[in-house]
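Participant: For reference, the file model-v3.txt (compact mmCIF, N, CA and C atoms) is included below:
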# COMPACT_ATOMS: atom_id res chain seq x y z
N MET L 318 60.72 66.83 -164.47
CA MET L 318 59.56 66.66 -165.32
C MET L 318 58.86 65.38 -164.91
N THR L 319 57.58 65.45 -164.66
CA THR L 319 56.81 64.28 -164.27
C THR L 319 55.92 63.83 -165.41
N MET L 320 56.13 62.59 -165.83
CA MET L 320 55.27 61.98 -166.83
C MET L 320 54.34 61.04 -166.08
N ALA L 321 53.08 61.02 -166.50
CA ALA L 321 52.09 60.23 -165.78
C ALA L 321 51.06 59.65 -166.75
N LEU L 322 50.33 58.71 -166.27
CA LEU L 322 49.29 58.05 -167.05
C LEU L 322 47.99 58.84 -166.97
N CYS L 323 47.36 59.07 -168.11
CA CYS L 323 46.01 59.61 -168.12
C CYS L 323 45.07 58.43 -167.97
N PHE L 324 44.35 58.38 -166.88
CA PHE L 324 43.45 57.25 -166.60
C PHE L 324 42.21 57.28 -167.49
N ASN L 325 41.98 58.38 -168.18
CA ASN L 325 40.81 58.48 -169.05
C ASN L 325 41.08 57.93 -170.45
N CYS L 326 42.17 58.40 -171.08
CA CYS L 326 42.42 58.00 -172.48
C CYS L 326 43.63 57.09 -172.65
N GLY L 327 44.49 57.00 -171.62
CA GLY L 327 45.65 56.12 -171.69
C GLY L 327 46.92 56.77 -172.22
N HIS L 328 46.85 58.03 -172.60
CA HIS L 328 48.05 58.70 -173.09
C HIS L 328 48.97 59.07 -171.92
N THR L 329 50.24 59.26 -172.25
CA THR L 329 51.19 59.75 -171.26
C THR L 329 51.05 61.26 -171.23
N LYS L 330 50.89 61.79 -170.04
CA LYS L 330 50.70 63.24 -169.91
C LYS L 330 51.80 63.83 -169.05
N PHE L 331 51.96 65.13 -169.13
CA PHE L 331 52.92 65.85 -168.32
C PHE L 331 52.24 66.24 -167.01
N GLY L 332 52.76 65.74 -165.91
CA GLY L 332 52.22 66.08 -164.59
C GLY L 332 51.09 65.16 -164.16
N ALA L 333 51.27 64.56 -163.02
CA ALA L 333 50.27 63.62 -162.51
C ALA L 333 48.95 64.28 -162.17
N PHE L 334 48.99 65.57 -161.81
CA PHE L 334 47.77 66.25 -161.37
C PHE L 334 47.21 67.21 -162.42
N LEU L 335 47.91 67.35 -163.53
CA LEU L 335 47.50 68.30 -164.56
C LEU L 335 46.59 67.63 -165.59
N PRO L 336 45.82 68.42 -166.32
CA PRO L 336 44.95 67.85 -167.36
C PRO L 336 45.78 67.21 -168.48
N CYS L 337 45.22 66.20 -169.07
CA CYS L 337 45.85 65.51 -170.20
C CYS L 337 45.75 66.40 -171.44
N SER L 338 46.85 66.55 -172.15
CA SER L 338 46.83 67.37 -173.36
C SER L 338 46.04 66.70 -174.49
N GLU L 339 45.84 65.41 -174.39
CA GLU L 339 45.11 64.67 -175.43
C GLU L 339 43.60 64.76 -175.25
N CYS L 340 43.12 64.51 -174.02
CA CYS L 340 41.66 64.44 -173.80
C CYS L 340 41.13 65.48 -172.82
N GLY L 341 42.03 66.15 -172.09
CA GLY L 341 41.61 67.18 -171.15
C GLY L 341 41.25 66.68 -169.76
N ALA L 342 41.27 65.37 -169.56
CA ALA L 342 40.94 64.83 -168.23
C ALA L 342 42.03 65.20 -167.24
N GLY L 343 41.61 65.50 -166.01
CA GLY L 343 42.55 65.87 -164.96
C GLY L 343 42.89 64.72 -164.05
N SER L 344 43.24 65.05 -162.86
CA SER L 344 43.59 64.10 -161.81
C SER L 344 42.42 63.19 -161.48
N THR L 345 42.74 62.03 -160.96
CA THR L 345 41.68 61.12 -160.49
C THR L 345 41.06 61.63 -159.20
N GLY L 346 41.74 62.55 -158.53
CA GLY L 346 41.30 63.00 -157.23
C GLY L 346 41.95 62.21 -156.10
N ASN L 347 42.67 61.16 -156.47
CA ASN L 347 43.39 60.34 -155.51
C ASN L 347 44.88 60.54 -155.78
N MET L 348 45.52 61.39 -154.98
CA MET L 348 46.92 61.74 -155.22
C MET L 348 47.83 60.52 -155.24
N GLY L 349 47.58 59.58 -154.35
CA GLY L 349 48.40 58.37 -154.29
C GLY L 349 48.32 57.57 -155.57
N LEU L 350 47.11 57.44 -156.12
CA LEU L 350 46.91 56.71 -157.37
C LEU L 350 47.59 57.44 -158.52
N ASP L 351 47.40 58.76 -158.59
CA ASP L 351 48.02 59.54 -159.66
C ASP L 351 49.54 59.42 -159.64
N ILE L 352 50.14 59.51 -158.47
CA ILE L 352 51.60 59.41 -158.34
C ILE L 352 52.09 57.99 -158.58
N ALA L 353 51.30 56.98 -158.19
CA ALA L 353 51.71 55.59 -158.39
C ALA L 353 51.94 55.28 -159.86
N PHE L 354 51.15 55.93 -160.73
CA PHE L 354 51.27 55.69 -162.17
C PHE L 354 51.98 56.85 -162.86
N SER L 355 53.09 57.26 -162.25
CA SER L 355 53.91 58.33 -162.80
C SER L 355 55.36 57.89 -162.79
N ASP L 356 56.22 58.71 -163.40
CA ASP L 356 57.63 58.36 -163.42
C ASP L 356 58.32 58.57 -162.07
N HIS L 357 57.56 58.91 -161.07
CA HIS L 357 58.10 58.87 -159.70
C HIS L 357 58.34 57.42 -159.29
N HIS L 358 57.57 56.51 -159.90
CA HIS L 358 57.65 55.10 -159.53
C HIS L 358 57.97 54.17 -160.68
N MET L 359 57.43 54.42 -161.87
CA MET L 359 57.60 53.48 -162.97
C MET L 359 58.17 54.15 -164.21
N SER L 360 58.79 53.32 -165.03
CA SER L 360 59.44 53.82 -166.25
C SER L 360 58.40 54.34 -167.25
N GLY L 361 58.87 55.15 -168.18
CA GLY L 361 57.99 55.64 -169.24
C GLY L 361 57.39 54.50 -170.04
N GLY L 362 58.18 53.46 -170.29
CA GLY L 362 57.67 52.30 -171.02
C GLY L 362 56.56 51.59 -170.27
N THR L 363 56.67 51.53 -168.95
CA THR L 363 55.63 50.91 -168.14
C THR L 363 54.36 51.76 -168.19
N ILE L 364 54.52 53.08 -168.09
CA ILE L 364 53.36 53.98 -168.18
C ILE L 364 52.66 53.79 -169.52
N GLU L 365 53.45 53.71 -170.61
CA GLU L 365 52.87 53.47 -171.93
C GLU L 365 52.15 52.14 -171.99
N GLY L 366 52.72 51.12 -171.36
CA GLY L 366 52.07 49.80 -171.32
C GLY L 366 50.72 49.85 -170.65
N PHE L 367 50.64 50.56 -169.51
CA PHE L 367 49.35 50.69 -168.85
C PHE L 367 48.39 51.53 -169.68
N GLY L 368 48.92 52.49 -170.44
CA GLY L 368 48.09 53.26 -171.36
C GLY L 368 47.47 52.37 -172.42
N ASN L 369 48.23 51.39 -172.90
CA ASN L 369 47.69 50.44 -173.88
C ASN L 369 46.56 49.61 -173.28
N VAL L 370 46.67 49.30 -172.00
CA VAL L 370 45.59 48.57 -171.32
C VAL L 370 44.33 49.44 -171.29
N ILE L 371 44.48 50.70 -170.92
CA ILE L 371 43.32 51.61 -170.87
C ILE L 371 42.69 51.74 -172.25
N ARG L 372 43.51 51.89 -173.28
CA ARG L 372 42.95 52.03 -174.64
C ARG L 372 42.21 50.76 -175.06
N ALA L 373 42.72 49.60 -174.70
CA ALA L 373 42.05 48.34 -175.03
C ALA L 373 40.69 48.27 -174.33
N ILE L 374 40.64 48.67 -173.08
CA ILE L 374 39.38 48.68 -172.33
C ILE L 374 38.41 49.69 -172.93
N ASN L 375 38.91 50.87 -173.27
CA ASN L 375 38.06 51.92 -173.84
C ASN L 375 37.41 51.49 -175.15
N ARG L 376 38.09 50.63 -175.92
CA ARG L 376 37.55 50.18 -177.21
C ARG L 376 36.30 49.30 -177.04
N VAL L 377 36.17 48.65 -175.87
CA VAL L 377 35.05 47.70 -175.72
C VAL L 377 34.02 48.12 -174.68
N CYS L 378 34.26 49.25 -174.00
CA CYS L 378 33.36 49.66 -172.92
C CYS L 378 33.13 51.17 -172.97
N GLU L 379 31.87 51.57 -173.02
CA GLU L 379 31.55 52.99 -173.06
C GLU L 379 31.30 53.59 -171.68
N ASP L 380 31.00 52.78 -170.70
CA ASP L 380 30.69 53.25 -169.35
C ASP L 380 31.98 53.67 -168.64
N HIS L 381 32.11 54.98 -168.39
CA HIS L 381 33.34 55.52 -167.80
C HIS L 381 33.68 54.85 -166.47
N SER L 382 32.71 54.72 -165.60
CA SER L 382 32.96 54.14 -164.28
C SER L 382 33.39 52.68 -164.39
N LEU L 383 32.75 51.92 -165.26
CA LEU L 383 33.12 50.51 -165.45
C LEU L 383 34.50 50.40 -166.08
N ARG L 384 34.83 51.30 -166.99
CA ARG L 384 36.18 51.29 -167.58
C ARG L 384 37.23 51.49 -166.50
N ALA L 385 36.99 52.47 -165.63
CA ALA L 385 37.95 52.77 -164.55
C ALA L 385 38.09 51.57 -163.60
N ARG L 386 36.97 51.00 -163.21
CA ARG L 386 37.02 49.84 -162.31
C ARG L 386 37.70 48.65 -162.99
N SER L 387 37.47 48.48 -164.28
CA SER L 387 38.09 47.36 -165.01
C SER L 387 39.60 47.53 -165.08
N PHE L 388 40.06 48.76 -165.27
CA PHE L 388 41.50 49.01 -165.28
C PHE L 388 42.11 48.68 -163.91
N ILE L 389 41.48 49.15 -162.86
CA ILE L 389 41.98 48.87 -161.51
C ILE L 389 41.94 47.37 -161.23
N ARG L 390 40.91 46.70 -161.71
CA ARG L 390 40.80 45.24 -161.56
C ARG L 390 41.97 44.57 -162.29
N TYR L 391 42.27 45.03 -163.49
CA TYR L 391 43.40 44.48 -164.24
C TYR L 391 44.69 44.62 -163.43
N VAL L 392 44.95 45.83 -162.95
CA VAL L 392 46.18 46.07 -162.19
C VAL L 392 46.18 45.21 -160.92
N SER L 393 45.05 45.14 -160.25
CA SER L 393 44.94 44.36 -159.03
C SER L 393 45.23 42.87 -159.29
N ASN L 394 44.74 42.36 -160.41
CA ASN L 394 44.95 40.95 -160.75
C ASN L 394 46.37 40.67 -161.25
N GLU L 395 46.90 41.57 -162.06
CA GLU L 395 48.19 41.33 -162.72
C GLU L 395 49.39 41.90 -161.97
N HIS L 396 49.16 42.94 -161.17
CA HIS L 396 50.26 43.64 -160.49
C HIS L 396 49.83 44.06 -159.09
N SER L 397 49.50 43.08 -158.27
CA SER L 397 48.97 43.38 -156.93
C SER L 397 49.98 44.10 -156.05
N ASP L 398 51.25 44.13 -156.45
CA ASP L 398 52.23 44.88 -155.69
C ASP L 398 52.05 46.39 -155.88
N ILE L 399 51.33 46.79 -156.94
CA ILE L 399 51.05 48.21 -157.18
C ILE L 399 49.79 48.62 -156.43
N LEU L 400 48.72 47.85 -156.59
CA LEU L 400 47.49 48.11 -155.85
C LEU L 400 46.58 46.90 -155.93
N THR L 401 45.65 46.84 -154.99
CA THR L 401 44.65 45.78 -154.99
C THR L 401 43.27 46.40 -154.80
N MET L 402 42.27 45.66 -155.24
CA MET L 402 40.90 46.14 -155.14
C MET L 402 40.01 44.96 -154.77
N ASP L 403 39.27 45.10 -153.70
CA ASP L 403 38.27 44.11 -153.33
C ASP L 403 36.92 44.64 -153.78
N VAL L 404 36.20 43.84 -154.56
CA VAL L 404 34.89 44.25 -155.05
C VAL L 404 33.90 43.13 -154.84
N PRO L 405 32.62 43.48 -154.76
CA PRO L 405 31.60 42.44 -154.66
C PRO L 405 31.65 41.54 -155.90
N PRO L 406 31.25 40.29 -155.77
CA PRO L 406 31.34 39.34 -156.88
C PRO L 406 30.65 39.80 -158.17
N ASP L 407 29.50 40.46 -158.06
CA ASP L 407 28.80 40.88 -159.28
C ASP L 407 29.59 41.98 -160.02
N GLU L 408 30.22 42.87 -159.27
CA GLU L 408 31.04 43.92 -159.87
C GLU L 408 32.30 43.33 -160.48
N ALA L 409 32.89 42.37 -159.78
CA ALA L 409 34.08 41.70 -160.31
C ALA L 409 33.76 41.00 -161.62
N ALA L 410 32.60 40.38 -161.70
CA ALA L 410 32.19 39.68 -162.92
C ALA L 410 32.03 40.66 -164.08
N GLN L 411 31.48 41.85 -163.81
CA GLN L 411 31.35 42.87 -164.85
C GLN L 411 32.73 43.29 -165.37
N CYS L 412 33.63 43.55 -164.45
CA CYS L 412 34.99 43.97 -164.84
C CYS L 412 35.68 42.85 -165.61
N ASP L 413 35.52 41.62 -165.13
CA ASP L 413 36.17 40.49 -165.80
C ASP L 413 35.64 40.31 -167.22
N GLU L 414 34.35 40.56 -167.42
CA GLU L 414 33.76 40.47 -168.76
C GLU L 414 34.36 41.54 -169.67
N VAL L 415 34.51 42.75 -169.17
CA VAL L 415 35.14 43.82 -169.95
C VAL L 415 36.57 43.42 -170.31
N LEU L 416 37.30 42.92 -169.34
CA LEU L 416 38.69 42.54 -169.59
C LEU L 416 38.79 41.38 -170.57
N LYS L 417 37.85 40.47 -170.52
CA LYS L 417 37.83 39.35 -171.46
C LYS L 417 37.64 39.86 -172.88
N ARG L 418 36.71 40.81 -173.06
CA ARG L 418 36.47 41.38 -174.39
C ARG L 418 37.64 42.25 -174.85
N ALA L 419 38.24 42.98 -173.91
CA ALA L 419 39.33 43.91 -174.26
C ALA L 419 40.63 43.19 -174.60
N GLN L 420 40.86 42.07 -173.97
CA GLN L 420 42.12 41.35 -174.12
C GLN L 420 43.33 42.29 -174.00
N PRO L 421 43.44 42.96 -172.85
CA PRO L 421 44.53 43.93 -172.69
C PRO L 421 45.90 43.26 -172.75
N PRO L 422 46.88 43.98 -173.24
CA PRO L 422 48.23 43.42 -173.31
C PRO L 422 48.84 43.26 -171.92
N LYS L 423 49.77 42.36 -171.83
CA LYS L 423 50.53 42.21 -170.58
C LYS L 423 51.46 43.41 -170.44
N VAL L 424 51.65 43.83 -169.22
CA VAL L 424 52.53 44.96 -168.94
C VAL L 424 53.67 44.48 -168.05
N THR L 425 54.88 44.76 -168.47
CA THR L 425 56.05 44.48 -167.65
C THR L 425 56.37 45.75 -166.88
N VAL L 426 56.37 45.66 -165.57
CA VAL L 426 56.61 46.83 -164.73
C VAL L 426 58.10 46.99 -164.48
N GLU L 427 58.60 48.17 -164.84
CA GLU L 427 59.98 48.54 -164.58
C GLU L 427 59.99 49.82 -163.77
N GLU L 428 60.82 49.86 -162.75
CA GLU L 428 60.87 51.09 -161.96
C GLU L 428 61.59 52.19 -162.74
N SER L 429 61.26 53.41 -162.41
CA SER L 429 61.88 54.56 -163.06
C SER L 429 63.27 54.81 -162.49
N GLU L 430 64.03 55.63 -163.20
CA GLU L 430 65.34 56.04 -162.70
C GLU L 430 65.19 56.77 -161.37
N GLU L 431 64.16 57.61 -161.26
CA GLU L 431 63.94 58.34 -160.01
C GLU L 431 63.67 57.39 -158.85
N ALA L 432 62.84 56.39 -159.09
CA ALA L 432 62.53 55.42 -158.03
C ALA L 432 63.78 54.64 -157.64
N ARG L 433 64.56 54.26 -158.63
CA ARG L 433 65.79 53.51 -158.37
C ARG L 433 66.77 54.38 -157.56
N PHE L 434 66.89 55.65 -157.93
CA PHE L 434 67.78 56.57 -157.21
C PHE L 434 67.32 56.72 -155.76
N ARG L 435 66.00 56.92 -155.56
CA ARG L 435 65.48 57.06 -154.18
C ARG L 435 65.74 55.80 -153.37
N ARG L 436 65.52 54.64 -153.96
CA ARG L 436 65.72 53.37 -153.26
C ARG L 436 67.18 53.22 -152.88
N ASP L 437 68.09 53.51 -153.83
CA ASP L 437 69.52 53.40 -153.54
C ASP L 437 69.96 54.42 -152.48
N SER L 438 69.39 55.63 -152.53
CA SER L 438 69.74 56.65 -151.55
C SER L 438 69.31 56.24 -150.16
N GLU L 439 68.11 55.67 -150.06
CA GLU L 439 67.60 55.24 -148.76
C GLU L 439 68.41 54.08 -148.21
N ALA L 440 68.99 53.28 -149.10
CA ALA L 440 69.79 52.14 -148.68
C ALA L 440 71.25 52.54 -148.43
N GLY L 441 71.55 53.83 -148.63
CA GLY L 441 72.91 54.30 -148.40
C GLY L 441 73.83 54.09 -149.57
N GLY L 442 73.27 53.80 -150.75
CA GLY L 442 74.10 53.52 -151.90
C GLY L 442 74.36 54.70 -152.81
N ALA L 443 73.74 55.82 -152.54
CA ALA L 443 73.93 56.98 -153.43
C ALA L 443 75.25 57.67 -153.13
N VAL L 444 75.91 58.08 -154.17
CA VAL L 444 77.17 58.81 -154.02
C VAL L 444 76.93 60.24 -154.48
N TRP L 445 77.30 61.18 -153.66
CA TRP L 445 77.09 62.60 -153.98
C TRP L 445 78.38 63.23 -154.34
Output the file's structure as structure tokens, nothing else.
Facilitator:
Amino acid sequence: MTMALCFNCGHTKFGAFLPCSECGAGSTGNMGLDIAFSDHHMSGGTIEGFGNVIRAINRVCEDHSLRARSFIRYVSNEHSDILTMDVPPDEAAQCDEVLKRAQPPKVTVEESEEARFRRDSEAGGAVW
């Protein structure tokens, strides 16, 4: 079972590529991004934490594109090991203003059991 982040509403959804049962939004169209924010890599608690960030942004910004860029900016600034985004200064300022108003919560990133199992298996630590 794959649990993933809905980048539109912030809810945890079943399947990284499937529509969200809460808002109906589907995949971002970027498979790598969709999988990065799923239980293939991060714990359910971490996915929920990022969902709280999206909900905080959604409360202060109506522009869908700016909300999405602001979320990616947040992740890029706070968790550059997950992803980074280079943007022109004027766009960065817009995102930073949204984030300032949103005051998103801090997210502690924890890897999922699946990610831990894969890492241990690749390191030769898995016992079958």
Participant: Could you tell me, as a list in words, which residues have any atom at most 6.5 Å from (48.7, 53.7, -174.8), counting all atoms listed in the file?
Facilitator: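 Those residues lying close to the given coordinates are Cys326, Gly327, His328, Thr329, Glu365, Gly366, Phe367, Gly368, Asn369, Val370, Ile371 and Arg372 of chain L.
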Participant: Out of chain L, which residues get helix (DSSP H, G or I) from DSSP, as an MDAnalysis selection string?
Facilitator: chainID L and resid 348:353 361:377 381:395 406:419 430:439
Participant: Please return as a PyMOL selection string every residue within 8 Å of (46.4, 61.8, -173.7), taking into account all atoms listed in the file and the file's own coordinates.
Facilitator: chain L and resi 322-331+336-342
Participant: What does the structure give for the distance between CA of Ile352 in chain L and CA of Ala409 in chain L, in Å to one decimal?
Facilitator: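 A separation of 25.0 Å between them.
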Participant: Based on the backbone DSSP call, show me all residues of chain L assigned strand (DSSP E), as a PyMOL selection string.
Facilitator: chain L and resi 320-322+329-331
Participant: Can you measure CA of Val392 in chain L to atom N of Val424 in chain L for me? One decimal in Å is fine.
Facilitator: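 Calculated distance between CA of Val392 in chain L and atom N of Val424 in chain L is 9.2 Å.
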Participant: When you draw a straight line from CA of Pro405 in chain L to CA of His381 in chain L, how long is it in Å?
Facilitator: 18.6 Å
Participant: Given the choices L:His357, L:Leu335, L:Ala440, L:Asn347, which gets closest to Met320 in chain L if the distance is worked out from all atoms listed in the file?
Facilitator: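 Of L:His357, L:Leu335, L:Ala440, L:Asn347, the one nearest Met320 in chain L is L:His357, counting all atoms listed in the file.
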Participant: For range 413-428 of chain L, take all atoms listed in the file, fit an axis-aligned box around them, add 8 Å to each of the six sides, then output centre and edge lengths in Å rounded to one decimal, as AutoDock Vina command-line options.
Facilitator:
--center_x 47.7 --center_y 45.8 --center_z -168.4 --size_x 43.8 --size_y 28.8 --size_z 28.9
Participant: Extract, using only C-alpha atoms, all DNA, RNA and protein residues at most 9 Å from Leu383 in chain L, discarding same-chain residues fewer than 4 positions from it, and format them as a PDB file with N, CA and C atoms, keeping the file's coordinate frame.
Facilitator:
ATOM      1  N   CYS L 378      34.260  49.250-174.000  1.00  0.00           N
ATOM      2  CA  CYS L 378      33.360  49.660-172.920  1.00  0.00           C
ATOM      3  C   CYS L 378      33.130  51.170-172.970  1.00  0.00           C
ATOM      4  N   GLU L 379      31.870  51.570-173.020  1.00  0.00           N
ATOM      5  CA  GLU L 379      31.550  52.990-173.060  1.00  0.00           C
ATOM      6  C   GLU L 379      31.300  53.590-171.680  1.00  0.00           C
ATOM      7  N   SER L 387      37.470  48.480-164.280  1.00  0.00           N
ATOM      8  CA  SER L 387      38.090  47.360-165.010  1.00  0.00           C
ATOM      9  C   SER L 387      39.600  47.530-165.080  1.00  0.00           C
ATOM     10  N   PHE L 388      40.060  48.760-165.270  1.00  0.00           N
ATOM     11  CA  PHE L 388      41.500  49.010-165.280  1.00  0.00           C
ATOM     12  C   PHE L 388      42.110  48.680-163.910  1.00  0.00           C
ATOM     13  N   GLU L 408      30.220  42.870-159.270  1.00  0.00           N
ATOM     14  CA  GLU L 408      31.040  43.920-159.870  1.00  0.00           C
ATOM     15  C   GLU L 408      32.300  43.330-160.480  1.00  0.00           C
ATOM     16  N   GLN L 411      31.480  41.850-163.810  1.00  0.00           N
ATOM     17  CA  GLN L 411      31.350  42.870-164.850  1.00  0.00           C
ATOM     18  C   GLN L 411      32.730  43.290-165.370  1.00  0.00           C
ATOM     19  N   CYS L 412      33.630  43.550-164.450  1.00  0.00           N
ATOM     20  CA  CYS L 412      34.990  43.970-164.840  1.00  0.00           C
ATOM     21  C   CYS L 412      35.680  42.850-165.610  1.00  0.00           C
ATOM     22  N   VAL L 415      34.510  42.750-169.170  1.00  0.00           N
ATOM     23  CA  VAL L 415      35.140  43.820-169.950  1.00  0.00           C
ATOM     24  C   VAL L 415      36.570  43.420-170.310  1.00  0.00           C
TER      25      VAL L 415
END
Participant: Given only C-alpha atoms as the basis, pick out the residue of L:Asp398, L:Tyr391, L:Arg435, L:Pro406 nearest to Pro422 in chain L.
Facilitator: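 Closest residue, counting only C-alpha atoms: L:Tyr391.
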Participant: Nearest to Arg386 in chain L: which of L:Asp407, L:Arg418, L:Leu400, L:Asp413 is it, counting only N, CA and C atoms?
Facilitator: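 The closest residue to Arg386 in chain L is L:Asp413.
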